[in-house]
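Below is one structure; the comments refer to it alone.
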Amino acid sequence: MPEYRGSEIRNVAVVGHGASGKTSLVDALAFVSGSSKRHGSIKDGTALTDYTPEETERGYSINLGCAYAEWTGTKINLIDTPGFLDFQGDAVAGLAAADGALCVVSATAGVEVGTERMFREAVRRRDPVLFVASMMDKENASFDRVFEQIRERLTAKVIPVEVPIGEGPDFHGILNLFTKKAHLYKRGAKTGDYDEVDIPAELQPVFDKYYQQLIETIAATDDDLLERYLEGGEISRDDALKAMKEAMKQMELFPLFCVSSDLMYGTQAVMSTVVALMPSAWEMEELHAFKGAEGDHTVEIHANDDAPFAAQVFKTMSEPHVGEVSFFRIFSGKVEAGAEVFNATRDGVEKLGHLSIAQGKERTEVPALFAGDIGCVAKLRNTHTNDTLSTRQHPVRLPQIEFPEGALQMAVHAAARGEEEKLQAGLHRLHDEDPTFEMHYNAETHETLVSGLGERHLEVTLGKLKRKYGVDAELTKPSIAYRETLRGTGEGQGRHKKQSGGRGQFGDCWVRFAPLPRGGGYEFVDKIVGGSIPSKFIPAVDKGIQEAAVRGVLAGYPLVDFKVELYDGSFHTVDSNEMSFKMAGILAFKAVAPKCKPVLLEPLDELEIVTPDEYMGDVLGDLSSRRGHILGTDAGAEGTRVRAVIPQAELHMYASALQSMTQGRAVFTRRFRGYEEMPPDAAQRVIAESAKDHEEVLAH
């Protein structure tokens, strides 16, 4: 394979909704270009970039996949991304590694929620976007409907550059507005070959309509072209392409193409356009990276082969018999196979043995890679997604990819006893592969919690856990970390006396309990005077009360935010010891705390939901049914922002419910707000459930 430099490389993320034809398009582009020798299919489980067992079984992309097409002396790195929202993390990673996006829209289904989400993400990153209407050969395909939906729901700055000749099973050619020619495809040709002919007379009105729109739109982005256009002058193809490329960089124009990946129609035109209109790595603006492992100041990173090496790992995959494979984008410098590089993120050295480029699951070893290219390497010792690889002489840390936060949280348990350690190790490895899958141990509820972007995300991840690491695991509803507190004051005695022949046990204390403000914690005050309890036994009383408080009063939850005064007591010169006074403290707690109006506290989360206006009523009604308190609403460009406080107990499976009621178009974030007193009826249900669980434990 020839060596490609920055000006000869295009990095393109292929994004869009699930089942819109992204993987089929990547497969077709690689095949038509001759870079891949086989035309695969999703239906047969042979698609180039969908090759894991989870993907072939389900028939859709779960992981980011890398491929490439070589076209007119240019290497096009194609990053195939998942379209379903549950796997959006890999789509975000794909955009981070790319310099532009092909946004694929199904000609039968039109613009869907995944299309909206990923188009906005690409625009937020200031990546030029080409729209591709896919599946033009399928029943009910409509190019005009796709064009209108993009214009209405995504951007008014979209403009067709190709127009299909025929639709559905009759799709057999395109009108190319730049060349002013018609491409009539040869049915059965394996690489999308076509005859280029003059515009047929019956299609001239259609061509004229779209051509006029195209030239007017392009001219409006450039003052010189606009002046020439208004004076009736001709705008050449080269001038139009140059203006369109600049307008795409400025987010002023978004071209629209059409293809059939199954028949290969339109694929050659897409690749030619990617080469002509998408920026090369050299043309991209510089990045600002943190210099040194400490990151005390920033430095500019340019896609220059002679600059110090700097690359970012944007994806990690674990493969059987291979181990971890790290995919990285080189932002500056070049790297040779076998080179030692410095991981500034983790302050370690790595050796890049078997430096490769990926074509789906196949990897081809290369002697070197240059600025702007994408490569992969296996078996790095301690390098993970989002790490920066650089040189020890010029260590830098590139800006981190911002992955979406997990929206659905569940408790996870090993199905078989004795597999807890294997479970923990497997979960950690899965997080390394997919940063949107997170785990942590909740010390209060004694559960391992996992979070992901949705039910399907967690289901697929547990499937990987079983296949790759041999651990069967079960998901359950997470326990809520309730707490208890006091609303009133009280006092009383804790007296422990035990005589069993020989030396006995004796401890006696008098205490007062009082509530503290929320968040006040626990306070112990020694008010003993006259030595009624020797000072050496006082900490034991404190310890006994704290130990009893962990088990609470009402439902076995920790008692918090209260103050204890130890004001009197008595002791025995022979029988008193620390253990006796600790028991006295426990008994004092059990005697006094129930008299101080104990109540349950529940944890609350603050939610921020962004929803399209048409779903506002449903979202607000649902929040009210979950005992939510609305803090406020604000109108924004992407919909209405709703802020609300909701008990954690009411948020189980909220991510799925919100997706369902808004057709996946609303998003939300949550953060812990604090604890508040529970309403009596809800508290009674929790107390009853706790008593029932306690009885079952005793029965066993």
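Following the order of the structure tokens, first chain is A, next is B, and so on, with residues numbered from 1 inside each chain and ligands from 1 in the order they appear.
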
- Message: At a cut-off of 8 Å, using only C-alpha atoms, what residues contact Thr74 in chain A? Leave out same-chain residues fewer than 2 positions from it and give the result as an MDAnalysis selection string.
- Response: chainID A and resid 4 8:10 70:72 76 275

Got time to write the residues from that selection, N, CA and C atoms, as a PDB file, in the first residue's frame?
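Output contents, as saved in result.pdb:
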```pdb
ATOM      1  N   TYR A   4       0.513   7.584   2.452  1.00  0.00           N
ATOM      2  CA  TYR A   4      -0.328   8.767   2.247  1.00  0.00           C
ATOM      3  C   TYR A   4       0.057   9.837   3.259  1.00  0.00           C
ATOM      4  N   GLU A   8      -3.279  14.096   1.339  1.00  0.00           N
ATOM      5  CA  GLU A   8      -3.893  13.015   0.564  1.00  0.00           C
ATOM      6  C   GLU A   8      -4.835  12.161   1.414  1.00  0.00           C
ATOM      7  N   ILE A   9      -5.178  12.660   2.594  1.00  0.00           N
ATOM      8  CA  ILE A   9      -6.020  11.883   3.522  1.00  0.00           C
ATOM      9  C   ILE A   9      -7.300  12.653   3.833  1.00  0.00           C
ATOM     10  N   ARG A  10      -8.434  11.954   3.810  1.00  0.00           N
ATOM     11  CA  ARG A  10      -9.716  12.525   4.265  1.00  0.00           C
ATOM     12  C   ARG A  10     -10.250  11.608   5.368  1.00  0.00           C
ATOM     13  N   GLU A  70      -9.448   3.897  -1.266  1.00  0.00           N
ATOM     14  CA  GLU A  70      -8.428   4.655  -1.999  1.00  0.00           C
ATOM     15  C   GLU A  70      -9.044   5.121  -3.316  1.00  0.00           C
ATOM     16  N   TRP A  71      -9.044   6.439  -3.525  1.00  0.00           N
ATOM     17  CA  TRP A  71      -9.770   6.993  -4.682  1.00  0.00           C
ATOM     18  C   TRP A  71      -9.019   8.208  -5.217  1.00  0.00           C
ATOM     19  N   THR A  72      -8.711   8.174  -6.484  1.00  0.00           N
ATOM     20  CA  THR A  72      -7.996   9.255  -7.186  1.00  0.00           C
ATOM     21  C   THR A  72      -6.797   9.767  -6.389  1.00  0.00           C
ATOM     22  N   ILE A  76      -9.346   7.684   1.809  1.00  0.00           N
ATOM     23  CA  ILE A  76     -10.507   8.143   2.579  1.00  0.00           C
ATOM     24  C   ILE A  76     -10.674   7.185   3.756  1.00  0.00           C
ATOM     25  N   VAL A 275     -13.390  13.638  -1.770  1.00  0.00           N
ATOM     26  CA  VAL A 275     -12.023  14.072  -2.082  1.00  0.00           C
ATOM     27  C   VAL A 275     -11.993  15.565  -2.409  1.00  0.00           C
TER      28      VAL A 275
END
```

task = Would you kindly return, as a ChimeraX atom specification, each protein, DNA or RNA residue with an atom no farther than 7 Å from any atom of Arg643 in chain A, considering only C-alpha atoms and excluding same-chain residues fewer than 5 positions away?
result = /A:607-609,630-633

From CA of Pro603 in chain A to CA of Tyr675 in chain A the spacing works out at 4.5 Å

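Using only C-alpha atoms, the nearest neighbour of Leu408 in chain A within the list A:Ser390, A:Gln659, A:Ser576, A:Gln505 is A:Gln659.
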
Practice prompt. Could you find all residues in range 74-194 of chain A that DSSP calls strand (DSSP E) from the backbone, and write them as JSON, numbers by chain?
Written response: {"A": [74, 75, 76, 77, 78, 79, 80, 100, 101, 102, 103, 104, 105, 106, 129, 130, 131, 132, 133, 134, 158, 159, 160, 162, 163, 164, 165, 173, 174, 175, 176, 181, 182, 183, 184, 185, 194]}

Those residues you just picked out, can you put them in a file as an mmCIF file, in the first residue's frame with C-alpha atoms?
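Once everything was written out, this is part.cif:
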```cif
data_model
loop_
_atom_site.group_PDB
_atom_site.id
_atom_site.type_symbol
_atom_site.label_atom_id
_atom_site.label_comp_id
_atom_site.auth_asym_id
_atom_site.auth_seq_id
_atom_site.Cartn_x
_atom_site.Cartn_y
_atom_site.Cartn_z
ATOM 1 C CA THR A 74 -6.453 9.900 -1.910
ATOM 2 C CA LYS A 75 -7.024 7.688 1.108
ATOM 3 C CA ILE A 76 -10.507 8.143 2.579
ATOM 4 C CA ASN A 77 -10.624 6.856 6.161
ATOM 5 C CA LEU A 78 -14.232 5.808 6.789
ATOM 6 C CA ILE A 79 -15.390 5.597 10.412
ATOM 7 C CA ASP A 80 -18.658 3.673 10.548
ATOM 8 C CA GLY A 100 -15.992 15.819 8.455
ATOM 9 C CA ALA A 101 -19.176 13.752 8.420
ATOM 10 C CA LEU A 102 -21.306 11.863 5.916
ATOM 11 C CA CYS A 103 -24.792 12.124 7.424
ATOM 12 C CA VAL A 104 -26.800 9.237 5.977
ATOM 13 C CA VAL A 105 -30.593 9.578 5.721
ATOM 14 C CA SER A 106 -32.786 6.674 4.649
ATOM 15 C CA VAL A 129 -21.293 17.691 6.658
ATOM 16 C CA LEU A 130 -22.373 15.961 3.433
ATOM 17 C CA PHE A 131 -25.903 14.512 3.417
ATOM 18 C CA VAL A 132 -26.466 11.213 1.599
ATOM 19 C CA ALA A 133 -29.962 9.956 0.796
ATOM 20 C CA SER A 134 -29.462 6.181 0.936
ATOM 21 C CA VAL A 158 -29.008 22.012 2.581
ATOM 22 C CA ILE A 159 -28.719 21.942 -1.214
ATOM 23 C CA PRO A 160 -28.920 18.974 -3.638
ATOM 24 C CA GLU A 162 -27.257 15.320 -7.392
ATOM 25 C CA VAL A 163 -30.860 14.523 -8.311
ATOM 26 C CA PRO A 164 -32.009 10.911 -8.832
ATOM 27 C CA ILE A 165 -33.384 9.662 -12.135
ATOM 28 C CA GLY A 173 -29.311 7.224 -12.672
ATOM 29 C CA ILE A 174 -28.495 10.688 -11.356
ATOM 30 C CA LEU A 175 -28.347 14.209 -12.710
ATOM 31 C CA ASN A 176 -24.981 15.650 -11.695
ATOM 32 C CA LYS A 181 -24.396 15.468 -17.229
ATOM 33 C CA ALA A 182 -26.619 12.482 -16.529
ATOM 34 C CA HIS A 183 -25.098 9.286 -15.151
ATOM 35 C CA LEU A 184 -27.070 6.250 -16.353
ATOM 36 C CA TYR A 185 -26.054 3.175 -14.371
ATOM 37 C CA TYR A 194 -22.290 4.295 -15.607
#
```
